[in-house]
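Below: coords18.cif (mmCIF, C-alpha atoms)
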```cif
data_model
loop_
_atom_site.label_atom_id
_atom_site.label_comp_id
_atom_site.auth_asym_id
_atom_site.auth_seq_id
_atom_site.Cartn_x
_atom_site.Cartn_y
_atom_site.Cartn_z
CA MET A 1 98.42 117.01 83.41
CA THR A 2 97.84 119.44 86.24
CA ASN A 3 96.85 117.79 89.50
CA THR A 4 94.96 119.19 92.49
CA ILE A 5 98.13 119.90 94.45
CA GLU A 6 99.62 121.97 91.62
CA GLU A 7 96.28 123.68 91.05
CA LEU A 8 95.85 124.61 94.73
CA GLY A 9 99.52 125.52 95.08
CA GLY A 10 99.38 127.81 92.05
CA ILE A 11 102.27 125.92 90.45
CA GLU A 12 102.73 126.78 86.78
CA PRO A 13 103.38 123.93 84.35
CA GLN A 14 107.05 123.97 83.21
CA SER A 15 108.06 125.89 86.36
CA PRO A 16 110.99 124.71 88.54
CA ILE A 17 108.59 123.61 91.31
CA SER A 18 106.58 121.62 88.78
CA ALA A 19 109.80 119.89 87.69
CA LEU A 20 110.58 119.17 91.34
CA LEU A 21 107.15 117.61 91.82
CA THR A 22 107.81 115.37 88.84
CA ARG A 23 110.61 113.82 90.87
CA ARG A 24 108.00 112.96 93.50
CA ALA A 25 105.33 112.03 90.96
CA GLU A 26 104.45 108.78 92.72
CA LEU A 27 103.71 110.64 95.95
CA ILE A 28 101.61 113.25 94.16
CA ALA A 29 99.65 110.47 92.42
CA LEU A 30 98.99 108.79 95.78
CA THR A 31 97.91 112.17 97.14
CA GLU A 32 95.35 112.43 94.32
CA LYS A 33 94.05 108.93 95.00
CA SER A 34 93.83 109.76 98.69
CA ARG A 35 91.81 112.87 97.94
CA GLN A 36 89.34 110.79 95.95
CA ALA A 37 89.20 108.23 98.76
CA VAL A 38 88.20 110.80 101.39
CA LEU A 39 86.16 113.28 99.29
CA SER A 40 84.35 111.02 96.85
CA PRO A 41 84.81 107.38 97.87
CA ALA A 42 82.95 104.50 96.27
CA GLU A 43 81.79 103.42 99.74
CA SER A 44 80.89 106.65 101.52
CA GLY A 45 79.21 105.08 104.58
CA GLY A 46 77.16 107.62 106.52
CA LEU A 47 79.15 110.56 105.14
CA THR A 48 77.71 111.60 101.78
CA HIS A 49 79.90 113.27 99.19
CA ALA A 50 78.09 116.57 99.82
CA LEU A 51 78.74 116.34 103.56
CA ARG A 52 82.41 115.53 102.93
CA ALA A 53 82.75 118.52 100.60
CA LEU A 54 80.99 120.72 103.20
CA ILE A 55 83.50 119.59 105.83
CA ALA A 56 86.30 120.46 103.39
CA VAL A 57 84.91 123.97 102.85
CA ARG A 58 84.64 124.58 106.59
CA ALA A 59 88.10 123.14 107.27
CA SER A 60 89.65 125.29 104.52
CA GLU A 61 88.26 128.37 106.27
CA ARG A 62 89.77 127.25 109.58
CA LEU A 63 93.09 126.55 107.87
CA GLY A 64 93.18 130.05 106.43
CA ASP A 65 93.21 128.81 102.84
CA GLU A 66 90.94 130.75 100.49
CA VAL A 67 92.11 128.86 97.40
CA MET A 68 91.25 125.51 98.96
CA LYS A 69 87.97 126.93 100.19
CA ASP A 70 86.96 128.05 96.69
CA TYR A 71 88.00 124.71 95.24
CA TYR A 72 85.93 122.73 97.73
CA TYR A 73 82.99 125.10 97.48
CA GLY A 74 82.96 124.29 93.77
CA LEU A 75 82.95 120.58 94.58
CA PHE A 76 80.28 121.08 97.27
CA SER A 77 77.90 123.07 95.09
CA ALA A 78 78.21 120.45 92.33
CA CYS A 79 76.87 117.72 94.66
CA ASP A 80 73.26 116.64 94.13
CA ASP A 81 72.13 117.15 97.71
CA PHE A 82 74.22 120.20 98.64
CA TYR A 83 71.10 122.27 99.45
CA ASP A 84 70.59 120.02 102.49
CA PHE A 85 73.66 121.70 104.01
CA ALA A 86 73.56 125.11 102.31
CA GLY A 87 73.32 127.11 105.56
CA LEU A 88 76.33 125.42 107.14
CA VAL A 89 79.24 126.65 105.01
CA ASP A 90 80.44 128.99 107.76
CA PRO A 91 82.35 126.83 110.29
CA ASP A 92 80.88 128.84 113.15
CA THR A 93 77.38 127.59 112.34
CA THR A 94 76.00 124.55 114.19
CA PRO A 95 73.11 122.47 112.88
CA GLN A 96 70.07 121.48 114.98
CA ASP A 97 70.42 117.80 114.15
CA ALA A 98 72.47 116.05 116.87
CA TRP A 99 74.22 113.57 114.54
CA LEU A 100 75.25 116.28 112.08
CA ALA A 101 76.31 118.64 114.87
CA ALA A 102 78.52 115.92 116.35
CA VAL A 103 80.12 115.13 112.98
CA LEU A 104 80.82 118.77 112.10
CA GLY A 105 82.01 119.56 115.63
CA HIS A 106 84.46 116.68 115.61
CA ALA A 107 85.78 117.59 112.17
CA ASP A 108 86.40 121.10 113.47
CA LEU A 109 88.23 119.76 116.53
CA LEU A 110 90.49 117.57 114.38
CA THR A 111 91.22 120.47 112.06
CA ARG A 112 91.94 123.09 114.68
CA ASN A 113 93.12 121.40 117.80
CA PRO A 114 93.76 117.66 117.47
CA ARG A 115 96.04 117.70 120.49
CA SER A 116 93.04 118.24 122.78
CA ALA A 117 91.11 115.24 121.37
CA THR A 118 90.43 112.48 123.91
CA GLN A 119 88.38 109.31 124.28
CA LYS A 120 85.55 111.50 125.59
CA HIS A 121 85.11 112.97 122.11
CA ILE A 122 84.75 109.50 120.59
CA GLU A 123 82.15 108.63 123.25
CA GLU A 124 80.22 111.80 122.40
CA LEU A 125 80.16 110.81 118.73
CA ARG A 126 78.84 107.35 119.67
CA ARG A 127 76.14 108.87 121.87
CA ALA A 128 75.06 111.05 118.94
CA GLY A 129 74.64 107.89 116.86
CA VAL A 130 77.77 108.12 114.72
CA GLU A 131 78.84 104.63 113.58
CA GLU A 132 82.38 103.52 114.40
CA ALA A 133 83.33 103.16 110.73
CA ASP A 134 82.07 106.71 110.11
CA ILE A 135 84.24 107.99 112.98
CA VAL A 136 87.26 106.54 111.18
CA ARG A 137 86.10 107.91 107.82
CA LEU A 138 85.66 111.36 109.41
CA ALA A 139 89.13 111.25 110.96
CA GLU A 140 90.69 110.30 107.61
CA LEU A 141 88.88 113.15 105.87
CA ALA A 142 89.85 115.82 108.42
CA ALA A 143 93.40 114.47 108.60
CA PHE A 144 93.80 114.44 104.82
CA LEU A 145 92.67 118.08 104.66
CA GLY A 146 95.30 118.94 107.28
CA TYR A 147 97.91 117.23 105.10
CA GLN A 148 96.78 118.87 101.87
CA ALA A 149 96.62 122.38 103.35
CA ARG A 150 100.19 122.11 104.67
CA LEU A 151 101.54 120.66 101.46
CA VAL A 152 100.08 123.40 99.25
CA ALA A 153 101.02 126.14 101.73
CA GLY A 154 104.61 124.88 101.68
CA LEU A 155 104.70 124.73 97.88
CA ARG A 156 103.38 128.29 97.64
CA LEU A 157 106.17 129.48 99.93
CA MET A 158 108.77 127.73 97.78
CA GLU A 159 107.30 129.28 94.65
CA ALA A 160 106.97 132.77 96.15
CA SER A 161 110.46 132.88 97.65
CA ARG A 162 112.39 131.84 94.56
CA MET B 163 93.53 98.50 132.58
CA LYS B 164 96.92 100.13 132.12
CA PRO B 165 96.95 103.93 132.46
CA ALA B 166 97.64 105.85 129.25
CA VAL B 167 101.06 107.45 128.73
CA HIS B 168 100.81 111.23 128.69
CA ASP B 169 104.48 112.24 128.94
CA TYR B 170 107.10 112.34 126.20
CA THR B 171 109.18 109.18 126.00
CA LYS B 172 111.49 107.31 123.66
CA ALA B 173 110.31 103.98 125.06
CA VAL B 174 108.50 101.42 122.91
CA LEU B 175 104.77 101.84 123.49
CA ASP B 176 101.59 99.95 122.65
CA TRP B 177 98.49 101.64 121.30
CA ARG B 178 95.00 101.05 122.71
CA PRO B 179 92.17 101.89 120.30
CA PHE B 180 89.04 103.87 121.19
CA ILE B 181 87.29 102.24 118.20
CA THR B 182 86.64 98.51 117.87
CA PRO B 183 89.26 97.15 115.45
CA VAL B 184 88.05 95.24 112.41
CA ARG B 185 88.22 91.50 113.09
CA LEU B 186 90.66 89.87 110.72
CA ASP B 187 88.42 86.81 110.24
CA GLU B 188 85.53 89.10 109.29
CA ALA B 189 87.48 91.50 107.04
CA THR B 190 86.27 92.07 103.49
CA PRO B 191 88.58 91.43 100.52
CA GLU B 192 88.93 95.21 100.16
CA GLN B 193 89.97 95.56 103.81
CA LEU B 194 92.47 92.72 103.49
CA GLN B 195 93.96 94.35 100.42
CA ALA B 196 94.24 97.74 102.16
CA MET B 197 95.92 96.07 105.16
CA LYS B 198 98.33 94.21 102.83
CA ILE B 199 97.22 90.91 104.37
CA THR B 200 98.52 87.95 102.40
CA PRO B 201 98.75 84.25 103.32
CA ALA B 202 102.42 84.90 104.13
CA ASN B 203 101.78 88.05 106.16
CA LYS B 204 98.99 87.93 108.74
CA LYS B 205 100.59 90.24 111.30
CA VAL B 206 98.65 93.45 111.66
CA SER B 207 98.45 96.05 114.43
CA ASP B 208 95.28 97.29 116.15
CA TYR B 209 96.02 100.69 114.60
CA VAL B 210 95.81 99.27 111.08
CA LEU B 211 92.75 97.20 112.03
CA VAL B 212 91.00 100.40 113.19
CA LEU B 213 91.94 102.20 109.98
CA ALA B 214 90.61 99.23 107.99
CA HIS B 215 87.12 100.61 108.73
CA ASP B 216 87.96 102.95 105.81
CA PRO B 217 89.89 100.71 103.41
CA GLU B 218 89.85 103.17 100.50
CA SER B 219 91.86 105.73 102.49
CA LEU B 220 94.19 103.17 104.04
CA LEU B 221 95.02 101.62 100.67
CA HIS B 222 96.65 104.82 99.41
CA ARG B 223 97.86 106.42 102.63
CA SER B 224 100.13 103.54 103.63
CA PRO B 225 102.34 103.69 100.50
CA LEU B 226 102.17 107.51 100.58
CA PHE B 227 103.44 107.56 104.17
CA ASN B 228 106.20 105.05 103.42
CA GLY B 229 107.27 106.88 100.26
CA ILE B 230 107.50 110.20 102.12
CA MET B 231 109.39 108.85 105.13
CA TYR B 232 111.60 106.22 103.53
CA GLY B 233 111.92 107.28 99.89
CA LYS B 234 115.30 107.41 98.16
CA ASP B 235 117.45 110.57 97.61
CA GLY B 236 116.46 114.07 98.70
CA LEU B 237 116.31 114.94 102.39
CA ASP B 238 118.20 112.59 104.71
CA ARG B 239 116.33 110.40 107.20
CA PRO B 240 117.08 112.52 110.31
CA GLY B 241 115.73 115.58 108.47
CA ARG B 242 112.48 113.81 107.62
CA GLU B 243 112.21 112.45 111.16
CA LEU B 244 112.76 115.94 112.63
CA GLY B 245 109.87 117.21 110.49
CA ALA B 246 107.72 114.39 111.88
CA ILE B 247 108.79 115.29 115.41
CA GLY B 248 107.94 118.99 114.91
CA ALA B 249 104.44 118.11 113.73
CA SER B 250 103.95 115.58 116.53
CA ILE B 251 105.00 118.08 119.22
CA VAL B 252 102.42 120.60 117.98
CA ASN B 253 99.73 117.90 117.91
CA ARG B 254 101.08 116.21 121.06
CA CYS B 255 100.99 112.73 119.59
CA ILE B 256 102.93 110.86 122.29
CA TYR B 257 102.97 107.58 120.37
CA CYS B 258 104.23 109.21 117.14
CA LEU B 259 106.91 111.07 119.11
CA ALA B 260 108.21 107.90 120.75
CA VAL B 261 108.53 106.11 117.42
CA HIS B 262 110.08 108.99 115.51
CA ALA B 263 112.36 110.12 118.33
CA ARG B 264 113.87 106.63 118.18
CA HIS B 265 114.06 106.72 114.38
CA TYR B 266 115.72 110.16 114.50
CA GLU B 267 118.43 108.93 116.84
CA GLN B 268 118.86 105.54 115.13
CA THR B 269 119.33 107.10 111.67
CA GLY B 270 122.09 109.48 112.72
CA GLY B 271 120.22 112.44 114.17
CA THR B 272 122.17 114.92 116.29
CA ALA B 273 122.62 113.85 119.93
CA GLY B 274 120.57 115.84 122.44
CA VAL B 275 118.09 117.28 119.95
CA VAL B 276 115.20 115.02 120.99
CA ASP B 277 115.86 115.55 124.70
CA THR B 278 115.92 119.32 124.24
CA ILE B 279 112.65 119.19 122.27
CA PHE B 280 111.01 117.05 124.96
CA GLN B 281 111.99 119.65 127.57
CA GLN B 282 111.38 122.88 125.67
CA GLU B 283 108.68 121.77 123.21
CA THR B 284 107.89 124.30 120.48
CA SER B 285 110.43 126.83 121.79
CA ALA B 286 113.37 124.39 121.79
CA ARG B 287 116.82 125.94 121.16
CA LEU B 288 118.75 123.68 118.79
CA PRO B 289 121.88 123.76 116.58
CA GLU B 290 121.44 126.05 113.56
CA LYS B 291 120.44 123.50 110.92
CA GLU B 292 118.12 121.54 113.21
CA GLN B 293 116.63 124.83 114.43
CA ALA B 294 115.72 125.89 110.89
CA ILE B 295 114.11 122.52 110.13
CA TYR B 296 112.29 122.34 113.47
CA ASP B 297 110.95 125.91 113.51
CA PHE B 298 109.54 125.54 109.99
CA SER B 299 107.96 122.21 110.93
CA VAL B 300 106.34 123.67 114.03
CA ALA B 301 104.99 126.73 112.21
CA LEU B 302 103.53 124.77 109.30
CA SER B 303 101.96 122.27 111.70
CA ALA B 304 100.41 124.86 113.99
CA PHE B 305 98.69 126.85 111.24
CA PRO B 306 99.78 126.69 107.59
CA PRO B 307 99.84 130.48 106.99
CA ALA B 308 102.14 130.82 110.04
CA ALA B 309 105.02 129.42 107.98
CA THR B 310 106.73 132.20 106.01
CA ASP B 311 109.17 132.71 103.16
CA GLU B 312 111.72 133.65 105.85
CA ASP B 313 111.46 130.08 107.14
CA ILE B 314 112.21 128.82 103.63
CA ALA B 315 115.13 131.25 103.30
CA ARG B 316 116.58 129.88 106.56
CA LEU B 317 116.29 126.31 105.24
CA ARG B 318 118.22 127.34 102.13
CA ALA B 319 120.78 129.20 104.26
CA VAL B 320 121.56 126.07 106.31
CA GLY B 321 122.15 124.13 103.11
CA LEU B 322 118.89 122.44 102.14
CA ASN B 323 118.35 122.29 98.39
CA GLU B 324 114.93 122.59 96.74
CA LEU B 325 114.23 118.85 96.65
CA GLU B 326 115.18 118.52 100.31
CA ILE B 327 112.83 121.38 101.23
CA LEU B 328 110.02 119.65 99.31
CA ASP B 329 110.75 116.42 101.18
CA LEU B 330 110.57 118.28 104.49
CA ILE B 331 107.22 119.84 103.54
CA LEU B 332 105.92 116.37 102.66
CA SER B 333 107.13 114.90 105.95
CA VAL B 334 105.58 117.65 108.07
CA SER B 335 102.36 117.43 106.06
CA ILE B 336 101.98 113.66 106.27
CA PHE B 337 102.31 113.97 110.04
CA GLY B 338 99.53 116.53 109.96
CA TRP B 339 97.60 113.50 108.73
CA ALA B 340 99.10 110.68 110.84
CA ASN B 341 98.90 112.58 114.14
CA ARG B 342 95.19 113.21 113.58
CA LEU B 343 94.59 109.47 113.37
CA MET B 344 97.02 108.08 115.91
CA HIS B 345 96.35 110.65 118.63
CA THR B 346 92.56 110.82 118.24
CA LEU B 347 91.46 107.21 117.56
CA GLY B 348 93.35 105.64 120.46
CA GLU B 349 95.98 106.23 123.14
CA PRO B 350 99.51 105.06 123.98
CA ILE B 351 100.09 102.61 126.83
CA PRO B 352 103.28 101.03 128.19
CA ALA B 353 104.39 98.08 126.07
CA ALA B 354 103.32 94.65 127.28
#
```

Starting from the coordinates I provided, produce the structure as structure tokens.
Amino acid sequence: MTNTIEELGGIEPQSPISALLTRRAELIALTEKSRQAVLSPAESGGLTHALRALIAVRASERLGDEVMKDYYYGLFSACDDFYDFAGLVDPDTTPQDAWLAAVLGHADLLTRNPRSATQKHIEELRRAGVEEADIVRLAELAAFLGYQARLVAGLRLMEASR
Amino acid sequence: MKPAVHDYTKAVLDWRPFITPVRLDEATPEQLQAMKITPANKKVSDYVLVLAHDPESLLHRSPLFNGIMYGKDGLDRPGRELGAIGASIVNRCIYCLAVHARHYEQTGGTAGVVDTIFQQETSARLPEKEQAIYDFSVALSAFPPAATDEDIARLRAVGLNELEILDLILSVSIFGWANRLMHTLGEPIPAA
């Protein structure tokens, strides 16, 4: 069965890279479970599935990954309440709502420039009313996307340079 | 309050959270499961207690991390640790660097490599094999499209086989995840 990593990496079934991934099947399975945990968890807290998918679309743009962006746009537009966020797909857009602006701004910081993140940014999230558990959920989501983008980019390079 | 550590070090550090850790005596069954808390094992770090706010992610990321860093066959331990170090330099995760600098040296990494990286950061000049691994790790960490097929060709030229290259990609990638938690949800302080 094709998984998200092979799909995003453009890895053909029966190809040498696919065979290589079979040797790391346990890690790829945990990667799939992790994706579900951050994109569509059973307990989503204050971050709805639509908001999580929106963050993934915006992050994919920042990460320079059109394939990931298309994939997550598909997920986003399949969410019940995606129209609530329809004007925010471009990562350069900022919403009026202070809570949402803080969440999207922090996701962008973690995607683009985590090294500059400090305690001040956590305090700003708190002041905007973001719950502590949601700050952790947001960090896991942005961090997973950073992981996934690098993994699929690396696999594409292996495939292309054979 | 102890001042945070901002400079590269190989010393053992503690980690001070910015988020209130979950209290063990108030943790839900799901949080306990994600933290691998059993009657025989009640030791858990503040880092894990912070991540327990999102038990679904923690449950899968912990075995994923361990499988990538400590899994059998494929890339040797110093190679995986050097990938972790490359990512952590880009993201300036001081705590991650201290841990994985020690692991690199303790598992047979080349002498002087960590010290050179601490001095010269992303432009460090290293022996040929370490250079190929480190440069690829830095490029992929900084911006995924910045890594190129020339980087992969260099990895092959210094003797990495396909499985070893995959293991390196996994190591660099998982630190794209770990750095974004460790460096942004708390800060390193000198050990007690």

Taking only C-alpha atoms into account, which residues of chain B are within 6 Å of chain A, as a PyMOL selection string?
-> chain B and resi 215-216+218-219+222+226+253-254+306+311+331+335-336+338-339+342+346

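Residue neighbourhood of stretch 308-310 of chain B, excluding near-sequence residues (fewer than 3 positions): Ala153, Gly154 and Leu157 of chain A; Asp297, Phe298, Ser299, Val300, Ala301, Leu302, Ser303, Ala304, Phe305, Asp313, Ile314 and Ala315 of chain B, at 9 Å, using only C-alpha atoms.
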
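Taking atom CA of B:Lys172 as the reference point, atom CA of B:Ala273 is found at 13.4 Å.
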
So which residues touch A:Asp90 within 10 Å, counting only C-alpha atoms, skipping near sequence neighbours fewer than 4 positions away, as a PyMOL selection string?
-> chain A and resi 54+57-59+61-62+86+94

Evaluate the PyMOL selection byres ((chain B and resi 242) around 8) on the structure here and hand back the selected residues as a ChimeraX atom specification.
-> /B:231,237-241,243-246,329-330,333-334

Translate the PyMOL selection byres ((chain B and resi 351) around 8), as applied to the file shown, into an explicit residue set as JSON, numbers by chain.
-> {"B": [164, 165, 166, 167, 175, 176, 177, 178, 349, 350, 352, 353]}

Given the file shown, determine the residues that the PyMOL selection byres ((chain A and resi 53) around 10) selects; report them as a PyMOL selection string.
-> chain A and resi 38-40+47-52+54-59+69+71-79+82+89+141

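Between atom CA of B:Lys291 and atom CA of B:Leu332 the interatomic distance comes to 18.2 Å.
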
Quick one: everything within 9 Å of B:Arg287, counting all atoms listed in the file, minus sequence neighbours fewer than 4 positions away in the same chain. Send it as a PyMOL selection string.
-> chain B and resi 275+278-279+282+293

Point-to-point distance in Å for atom CA of B:Ser224 and atom CA of B:Asp277 | 28.9 Å
